[in-house]
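A.B. asks: Right, I'll just put the structure down here and ask away after.
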Amino acid sequence: MSAQVPVTAKPPGAQRAMRLVLPVIVFAAGLVAWELVVRIKAIPPYVLPAPSVIVLTLIKDWAVLSQSLATTLLTTLEGFVAASIGGIALALLFNQSKWVEYSLFPYAIVLQVTPVIAIAPLLLIYLEQQTAVVVCAFIVAFFPVLSNTTLGLNSVDRNLAGLFQLYGASKPQTLRFLKLPSALPYILGGLRIAGGLSLIGAVVAEIAAGTAGAGSGLAYRIAESGYRLNIPRMFAALLLLSLAGIVIYGVLALVSHLVLRRWHESALGKDN
Amino acid sequence: MSPGKTSSAVETGLTHLAVSLRGVTKTYDNGVMALGPLDLAVRKGEFISLLGPSGCGKSTVLRIIAELSAPSSGIVRVARHEGEVQPGQVLPGHGIGFVFQEPTLMPWTSVRENVWLPLKLAGVPKADARARADQALVSVGLADFADSFPRELSGGMKMRVSLARALVTDPEILLMDEPFAALDEITRFRLNNDLLALWRALGKTVIFVTHSVFESVYLSQRVVVMTARPGRIQADIRIETVEPRGEAFRTSAAYSDYCRKVSAALAPSYSGQSTL
């Protein structure tokens, strides 16, 4: 009994492989079941399209859909960049002056808690459509950047701050050599959230704009296909949106990992 | 208190003094009196230890000397860097190096960059600063680790980096706030010896805060024993032995006599009060 090798102990490599393989198996099984149900029950595509039909639609409509994907991604990118710059800049401003923080922070919260779907129609009235869509993406995405950066700037090690004070560091020096590097992990965390949220903001705004009769983003394609009962295209557009979200998250997580890998706990392996 | 007497004594010896505190007190915003009144004079080149129970204001004394904290009352005099100050060479920190209880290194950058920091903040030209940072790392025996990151070092090595950073500006006075408290005994003994060697070689004034009787007696020329809150000076004990001291001193009868004497001076702080 003492000589028995524990059966549960597997090499870590195998476990990691299982973590990748299992979801894929579940996904494949789901697709097969879906395909079979649609074929056996002969469900028409305008009720529920089979996965094969969705893929075929994706290929057939690629010209339209890729155009829409590019539009949505551009909006997302613009909203994300605006949210990153705006959020970080505002956090820096708050950090420099308590008065500014006290004056403006409540409005940042108001902007955050008001549902963007409710703001979008108003923005569409006052702004040009493309601008309004970007502003929506910005509004949704900027708060996590702001609050994370603020948290990071306030999380500076007290002794290090004392050290900078002892050596007579100026405000810009303290910001550049102490506060920003300290806040970097928090900022990157905020950006990771903001990436996904700006996609959501863009989609919400496109849907709001789409019902007003204009636009060409993926969300607009979904709304339009819905009116025309082109259900396979709805699914195809949804698939693209979902993939876009995954890629955005993956890219930002990778950037965060590469920037922090030499020093921050979050990016270090467990055995280090 | 007799201010006249104190001031004359201090003033006659002023030029030899690195640090002088007169009637210094510190009261926190919540009304707790942490320190004093406290009189302390430290000669240039002297190695003194401040010894006392937790919360007696030892660290506060260091922070006041370093101007990281303002005294509520009293006079603080600190000898600044003198002579040979060239433009671009003026070093901030008033010729003070500070070693904290924690290594207090920037985790996001290399050991060299950490040691370099005080010079960078002072605007010392890059080539010069780099050479001096490397020189400081050599003096603490870490020349080979300049490109490592702090997290790759052991606790003792991190403390050495912290010491190198404090020395890189060539300060007149070195303030050390329980720097080895978190280290294991073997590492601490080694660092004690290294610190003594550095002190002998560089001739800095060292004010060393500790709560270890043995460490204070081993290292310092004077042990200043402080009372529990509010911190005052209970005893000022001169440690005289054959210099340079080494491991032999640690096991000598004189050493244990001094330890007994210092412990006895410390005893009233521990009995009766529970300020922990």
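Residues in the structure tokens are numbered from 1 in each chain, the chains being A, B, ... in the order shown, and ligands are numbered from 1 in the order shown.
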Would you tabulate, counting only C-alpha atoms, all residues of chain A that have an atom at most 7 Å from an atom of chain B, showing the closest pair of atoms and their distance in Å to one decimal, sorted by chain then ascending number, as a tab-separated table?
C.D. replies:
```
residue	atom	partner	partner_atom	distance
A:Asn159	CA	B:Thr104	CA	6.3
A:Leu160	CA	B:Thr104	CA	5.9
A:Gly162	CA	B:Leu68	CA	6.7
A:Leu166	CA	B:Gly93	CA	5.2
A:Tyr167	CA	B:Gly93	CA	4.6
A:Gly168	CA	B:Pro92	CA	5.8
A:Ala169	CA	B:Leu121	CA	5.7
A:Pro181	CA	B:Trp108	CA	7.0
A:Trp263	CA	B:Trp108	CA	5.4
```
A.B. asks: Just the residues within 10 Å of Glu78 in chain A, please, counting only C-alpha atoms, with nothing from its chain fewer than 5 positions along; format it as a CSV table (one decimal) with N, CA and C atoms, in the first residue's frame.
C.D. replies:
```
chain,number,residue,atom,x,y,z
A,72,THR,N,-16.9,48.2,-37.2
A,72,THR,CA,-17.1,48.0,-35.7
A,72,THR,C,-15.7,48.0,-35.0
A,73,LEU,N,-14.7,47.4,-35.6
A,73,LEU,CA,-13.4,47.3,-34.9
A,73,LEU,C,-12.8,48.7,-34.9
A,83,ALA,N,-10.8,56.3,-24.5
A,83,ALA,CA,-11.0,56.0,-23.1
A,83,ALA,C,-9.7,55.8,-22.3
A,84,SER,N,-8.7,55.2,-23.0
A,84,SER,CA,-7.4,55.0,-22.3
A,84,SER,C,-6.8,56.4,-22.0
A,131,THR,N,-19.4,60.0,-34.8
A,131,THR,CA,-18.9,60.5,-33.5
A,131,THR,C,-19.6,60.0,-32.4
A,133,VAL,N,-21.2,57.2,-32.0
A,133,VAL,CA,-20.9,55.8,-31.7
A,133,VAL,C,-19.6,55.7,-31.0
A,134,VAL,N,-18.6,56.5,-31.4
A,134,VAL,CA,-17.3,56.5,-30.7
A,134,VAL,C,-17.5,57.0,-29.3
A,135,VAL,N,-18.3,58.0,-29.1
A,135,VAL,CA,-18.5,58.6,-27.8
A,135,VAL,C,-19.1,57.6,-26.9
A,137,ALA,N,-18.8,54.3,-27.1
A,137,ALA,CA,-17.7,53.3,-26.7
A,137,ALA,C,-16.8,53.9,-25.6
A,138,PHE,N,-16.5,55.2,-25.8
A,138,PHE,CA,-15.7,55.9,-24.8
A,138,PHE,C,-16.3,55.9,-23.4
A,198,SER,N,-15.3,48.6,-24.6
A,198,SER,CA,-15.5,49.6,-25.8
A,198,SER,C,-16.2,48.8,-26.9
A,202,ALA,N,-19.6,50.2,-28.5
A,202,ALA,CA,-19.7,50.3,-30.0
A,202,ALA,C,-21.0,49.6,-30.5
```
A.B. asks: Run DSSP on the backbone and tell me which residues of range 75-258 of chain B come out as alpha helix (DSSP H); list them as a PyMOL selection string.
C.D. replies: chain B and resi 111-121+126-139+155-167+185-202+213-219+247-250+253-258
A.B. asks: Write a file of the just-selected residues containing C-alpha atoms, as a PDB file, in the first residue's frame.
C.D. replies:
```pdb
ATOM      1  CA  VAL B 111      19.308  46.509  -9.090  1.00  0.00           C
ATOM      2  CA  ARG B 112      21.582  48.999 -10.853  1.00  0.00           C
ATOM      3  CA  GLU B 113      18.666  51.324 -11.629  1.00  0.00           C
ATOM      4  CA  ASN B 114      17.589  51.129  -7.994  1.00  0.00           C
ATOM      5  CA  VAL B 115      21.007  52.164  -6.717  1.00  0.00           C
ATOM      6  CA  TRP B 116      21.223  54.781  -9.446  1.00  0.00           C
ATOM      7  CA  LEU B 117      17.955  56.441  -8.397  1.00  0.00           C
ATOM      8  CA  PRO B 118      19.259  59.083  -5.923  1.00  0.00           C
ATOM      9  CA  LEU B 119      21.787  60.274  -8.510  1.00  0.00           C
ATOM     10  CA  LYS B 120      19.170  60.298 -11.252  1.00  0.00           C
ATOM     11  CA  LEU B 121      16.879  62.433  -9.095  1.00  0.00           C
ATOM     12  CA  LYS B 126      24.534  59.374 -16.816  1.00  0.00           C
ATOM     13  CA  ALA B 127      28.091  58.091 -17.291  1.00  0.00           C
ATOM     14  CA  ASP B 128      29.217  59.398 -13.915  1.00  0.00           C
ATOM     15  CA  ALA B 129      26.100  58.123 -12.141  1.00  0.00           C
ATOM     16  CA  ARG B 130      26.398  54.661 -13.665  1.00  0.00           C
ATOM     17  CA  ALA B 131      30.000  54.355 -12.561  1.00  0.00           C
ATOM     18  CA  ARG B 132      29.105  55.417  -9.037  1.00  0.00           C
ATOM     19  CA  ALA B 133      26.139  53.055  -8.843  1.00  0.00           C
ATOM     20  CA  ASP B 134      28.371  50.184  -9.920  1.00  0.00           C
ATOM     21  CA  GLN B 135      31.009  51.289  -7.406  1.00  0.00           C
ATOM     22  CA  ALA B 136      28.416  51.269  -4.614  1.00  0.00           C
ATOM     23  CA  LEU B 137      27.328  47.768  -5.650  1.00  0.00           C
ATOM     24  CA  VAL B 138      30.960  46.625  -5.510  1.00  0.00           C
ATOM     25  CA  SER B 139      31.255  48.012  -1.974  1.00  0.00           C
ATOM     26  CA  GLY B 155      16.332  39.102   1.688  1.00  0.00           C
ATOM     27  CA  GLY B 156      19.916  39.790   2.714  1.00  0.00           C
ATOM     28  CA  MET B 157      20.929  40.750  -0.799  1.00  0.00           C
ATOM     29  CA  LYS B 158      17.976  43.128  -1.113  1.00  0.00           C
ATOM     30  CA  MET B 159      19.112  44.802   2.085  1.00  0.00           C
ATOM     31  CA  ARG B 160      22.598  45.166   0.626  1.00  0.00           C
ATOM     32  CA  VAL B 161      21.128  46.853  -2.434  1.00  0.00           C
ATOM     33  CA  SER B 162      19.272  49.191  -0.122  1.00  0.00           C
ATOM     34  CA  LEU B 163      22.553  49.951   1.662  1.00  0.00           C
ATOM     35  CA  ALA B 164      24.329  50.550  -1.643  1.00  0.00           C
ATOM     36  CA  ARG B 165      21.594  52.984  -2.623  1.00  0.00           C
ATOM     37  CA  ALA B 166      22.008  54.852   0.660  1.00  0.00           C
ATOM     38  CA  LEU B 167      25.786  55.046   0.101  1.00  0.00           C
ATOM     39  CA  GLU B 185      20.457  35.417  12.333  1.00  0.00           C
ATOM     40  CA  ILE B 186      23.226  34.074  10.110  1.00  0.00           C
ATOM     41  CA  THR B 187      22.545  36.683   7.441  1.00  0.00           C
ATOM     42  CA  ARG B 188      22.228  39.362  10.086  1.00  0.00           C
ATOM     43  CA  PHE B 189      25.633  38.538  11.609  1.00  0.00           C
ATOM     44  CA  ARG B 190      27.257  38.710   8.204  1.00  0.00           C
ATOM     45  CA  LEU B 191      25.623  42.024   7.412  1.00  0.00           C
ATOM     46  CA  ASN B 192      26.645  43.347  10.859  1.00  0.00           C
ATOM     47  CA  ASN B 193      30.277  42.581  10.064  1.00  0.00           C
ATOM     48  CA  ASP B 194      29.997  44.035   6.568  1.00  0.00           C
ATOM     49  CA  LEU B 195      28.407  47.179   7.937  1.00  0.00           C
ATOM     50  CA  LEU B 196      31.216  47.603  10.493  1.00  0.00           C
ATOM     51  CA  ALA B 197      33.811  47.150   7.750  1.00  0.00           C
ATOM     52  CA  LEU B 198      32.065  49.743   5.578  1.00  0.00           C
ATOM     53  CA  TRP B 199      31.808  52.146   8.487  1.00  0.00           C
ATOM     54  CA  ARG B 200      35.527  51.815   9.222  1.00  0.00           C
ATOM     55  CA  ALA B 201      36.423  52.253   5.558  1.00  0.00           C
ATOM     56  CA  LEU B 202      34.127  55.190   4.811  1.00  0.00           C
ATOM     57  CA  VAL B 213      20.366  44.502  22.619  1.00  0.00           C
ATOM     58  CA  PHE B 214      22.995  42.189  21.144  1.00  0.00           C
ATOM     59  CA  GLU B 215      23.065  43.922  17.805  1.00  0.00           C
ATOM     60  CA  SER B 216      23.342  47.374  19.356  1.00  0.00           C
ATOM     61  CA  VAL B 217      26.246  46.416  21.623  1.00  0.00           C
ATOM     62  CA  TYR B 218      28.068  44.585  18.853  1.00  0.00           C
ATOM     63  CA  LEU B 219      27.863  47.417  16.361  1.00  0.00           C
ATOM     64  CA  GLU B 247      33.553  37.819  15.804  1.00  0.00           C
ATOM     65  CA  ALA B 248      35.855  37.485  18.845  1.00  0.00           C
ATOM     66  CA  PHE B 249      34.114  40.428  20.502  1.00  0.00           C
ATOM     67  CA  ARG B 250      30.750  38.733  20.085  1.00  0.00           C
ATOM     68  CA  ALA B 253      33.120  38.476  28.497  1.00  0.00           C
ATOM     69  CA  ALA B 254      33.177  42.249  27.928  1.00  0.00           C
ATOM     70  CA  TYR B 255      30.468  41.848  25.310  1.00  0.00           C
ATOM     71  CA  SER B 256      28.161  39.947  27.638  1.00  0.00           C
ATOM     72  CA  ASP B 257      28.836  42.504  30.399  1.00  0.00           C
ATOM     73  CA  TYR B 258      27.766  45.301  28.104  1.00  0.00           C
TER      74      TYR B 258
END
```
A.B. asks: Could you check how far CA of Ser216 in chain A sits from CA of Val251 in chain A, in Å to one decimal?
C.D. replies: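 Straight-line distance from CA of Ser216 in chain A to CA of Val251 in chain A works out to 25.1 Å.
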A.B. asks: Apply DSSP to the backbone of this structure and, from range 24-214 of chain B, keep only the residues in strand (DSSP E); write these as number ranges by chain.
C.D. replies: B: 24-27, 33-43, 47-51, 73-78, 96-99, 173-177, 205-210
A.B. asks: For the residues selected in the previous step, produce a file with N, CA and C atoms as a CSV table (one decimal), in the first residue's frame.
C.D. replies:
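In the end it all went to part25.csv:
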```
chain,number,residue,atom,x,y,z
B,24,VAL,N,13.5,68.1,21.5
B,24,VAL,CA,12.6,67.7,20.3
B,24,VAL,C,11.4,66.8,20.9
B,25,THR,N,10.2,67.2,20.5
B,25,THR,CA,9.0,66.4,20.8
B,25,THR,C,8.3,66.2,19.5
B,26,LYS,N,7.5,65.1,19.6
B,26,LYS,CA,6.6,64.8,18.4
B,26,LYS,C,5.2,64.4,19.0
B,27,THR,N,4.2,65.2,18.6
B,27,THR,CA,2.9,64.8,19.0
B,27,THR,C,2.1,64.5,17.8
B,33,MET,N,1.4,61.7,22.4
B,33,MET,CA,2.8,62.2,22.4
B,33,MET,C,3.7,61.0,22.2
B,34,ALA,N,4.4,61.0,21.0
B,34,ALA,CA,5.2,59.9,20.7
B,34,ALA,C,6.7,60.1,21.2
B,35,LEU,N,7.1,61.3,21.3
B,35,LEU,CA,8.5,61.5,21.5
B,35,LEU,C,8.8,62.7,22.5
B,36,GLY,N,9.7,62.5,23.3
B,36,GLY,CA,10.4,63.6,24.0
B,36,GLY,C,9.8,64.1,25.2
B,37,PRO,N,10.4,65.2,25.7
B,37,PRO,CA,11.4,66.0,25.0
B,37,PRO,C,12.8,65.2,25.0
B,38,LEU,N,13.5,65.3,23.9
B,38,LEU,CA,14.7,64.5,23.7
B,38,LEU,C,15.9,65.4,23.3
B,39,ASP,N,17.0,65.1,23.9
B,39,ASP,CA,18.2,65.8,23.6
B,39,ASP,C,19.2,64.7,23.1
B,40,LEU,N,19.8,64.9,22.0
B,40,LEU,CA,20.7,63.9,21.5
B,40,LEU,C,21.8,64.6,20.7
B,41,ALA,N,23.1,64.3,20.9
B,41,ALA,CA,24.2,64.9,20.1
B,41,ALA,C,25.0,63.7,19.6
B,42,VAL,N,25.2,63.7,18.3
B,42,VAL,CA,26.0,62.6,17.7
B,42,VAL,C,27.2,63.3,17.0
B,43,ARG,N,28.4,62.8,17.4
B,43,ARG,CA,29.6,63.3,16.8
B,43,ARG,C,29.8,62.8,15.4
B,47,PHE,N,29.3,55.9,15.5
B,47,PHE,CA,28.3,54.9,15.3
B,47,PHE,C,27.5,54.7,16.5
B,48,ILE,N,26.2,55.2,16.5
B,48,ILE,CA,25.4,55.1,17.7
B,48,ILE,C,24.2,54.3,17.3
B,49,SER,N,23.7,53.6,18.4
B,49,SER,CA,22.4,52.8,18.2
B,49,SER,C,21.3,53.4,19.1
B,50,LEU,N,20.1,53.5,18.5
B,50,LEU,CA,19.0,53.9,19.4
B,50,LEU,C,18.3,52.6,19.6
B,51,LEU,N,18.1,52.3,20.9
B,51,LEU,CA,17.5,51.0,21.3
B,51,LEU,C,16.3,51.3,22.2
B,73,SER,N,8.1,70.3,18.4
B,73,SER,CA,8.8,71.4,19.0
B,73,SER,C,10.2,71.0,19.1
B,74,GLY,N,11.1,72.0,19.4
B,74,GLY,CA,12.5,71.6,19.6
B,74,GLY,C,13.4,72.1,18.4
B,75,ILE,N,14.7,71.9,18.5
B,75,ILE,CA,15.6,72.3,17.5
B,75,ILE,C,16.4,71.1,16.9
B,76,VAL,N,16.4,71.0,15.6
B,76,VAL,CA,17.2,69.9,15.0
B,76,VAL,C,18.3,70.5,14.1
B,77,ARG,N,19.5,70.1,14.4
B,77,ARG,CA,20.6,70.6,13.5
B,77,ARG,C,21.3,69.4,12.9
B,78,VAL,N,21.5,69.4,11.6
B,78,VAL,CA,22.1,68.3,10.9
B,78,VAL,C,23.2,68.9,10.1
B,96,ILE,N,22.3,62.9,3.6
B,96,ILE,CA,21.8,61.8,4.4
B,96,ILE,C,21.4,60.6,3.6
B,97,GLY,N,21.9,59.4,4.0
B,97,GLY,CA,21.4,58.2,3.4
B,97,GLY,C,20.5,57.5,4.4
B,98,PHE,N,19.4,56.9,3.9
B,98,PHE,CA,18.4,56.3,4.7
B,98,PHE,C,18.2,54.8,4.3
B,99,VAL,N,18.3,53.9,5.3
B,99,VAL,CA,18.0,52.5,5.0
B,99,VAL,C,16.8,52.2,5.8
B,173,ILE,N,25.9,61.3,6.7
B,173,ILE,CA,25.2,60.6,7.8
B,173,ILE,C,24.4,59.4,7.2
B,174,LEU,N,24.5,58.3,7.8
B,174,LEU,CA,23.7,57.1,7.4
B,174,LEU,C,22.7,56.8,8.5
B,175,LEU,N,21.4,56.9,8.1
B,175,LEU,CA,20.3,56.6,9.1
B,175,LEU,C,19.8,55.2,8.8
B,176,MET,N,19.8,54.3,9.7
B,176,MET,CA,19.3,52.9,9.5
B,176,MET,C,18.2,52.5,10.4
B,177,ASP,N,17.0,52.2,9.9
B,177,ASP,CA,15.9,52.0,10.7
B,177,ASP,C,15.6,50.5,10.8
B,205,THR,N,29.0,58.9,9.7
B,205,THR,CA,28.2,58.9,10.9
B,205,THR,C,27.1,57.9,10.8
B,206,VAL,N,26.9,57.0,11.7
B,206,VAL,CA,25.8,56.0,11.5
B,206,VAL,C,24.9,56.1,12.7
B,207,ILE,N,23.6,56.3,12.5
B,207,ILE,CA,22.6,56.2,13.5
B,207,ILE,C,21.7,55.0,13.2
B,208,PHE,N,21.8,54.0,14.1
B,208,PHE,CA,21.2,52.7,13.8
B,208,PHE,C,20.1,52.4,14.8
B,209,VAL,N,18.9,52.3,14.3
B,209,VAL,CA,17.8,52.0,15.2
B,209,VAL,C,17.6,50.4,15.2
B,210,THR,N,17.5,49.9,16.4
B,210,THR,CA,17.3,48.5,16.5
B,210,THR,C,16.5,48.2,17.8
```
A.B. asks: So that I can see what lies close to Ala244 in chain A, please list as number ranges by chain the residues with an atom at most 10 Å from it, counting only C-alpha atoms and leaving out residues fewer than 4 positions away in the same chain.
C.D. replies: A: 69, 72-73, 196, 199, 238-240, 248-250
A.B. asks: Separation of CA of Ser59 in chain B and CA of Glu178 in chain B, in Å?
C.D. replies: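 Answer for the CA of Ser59 in chain B to CA of Glu178 in chain B separation: 8.4 Å.
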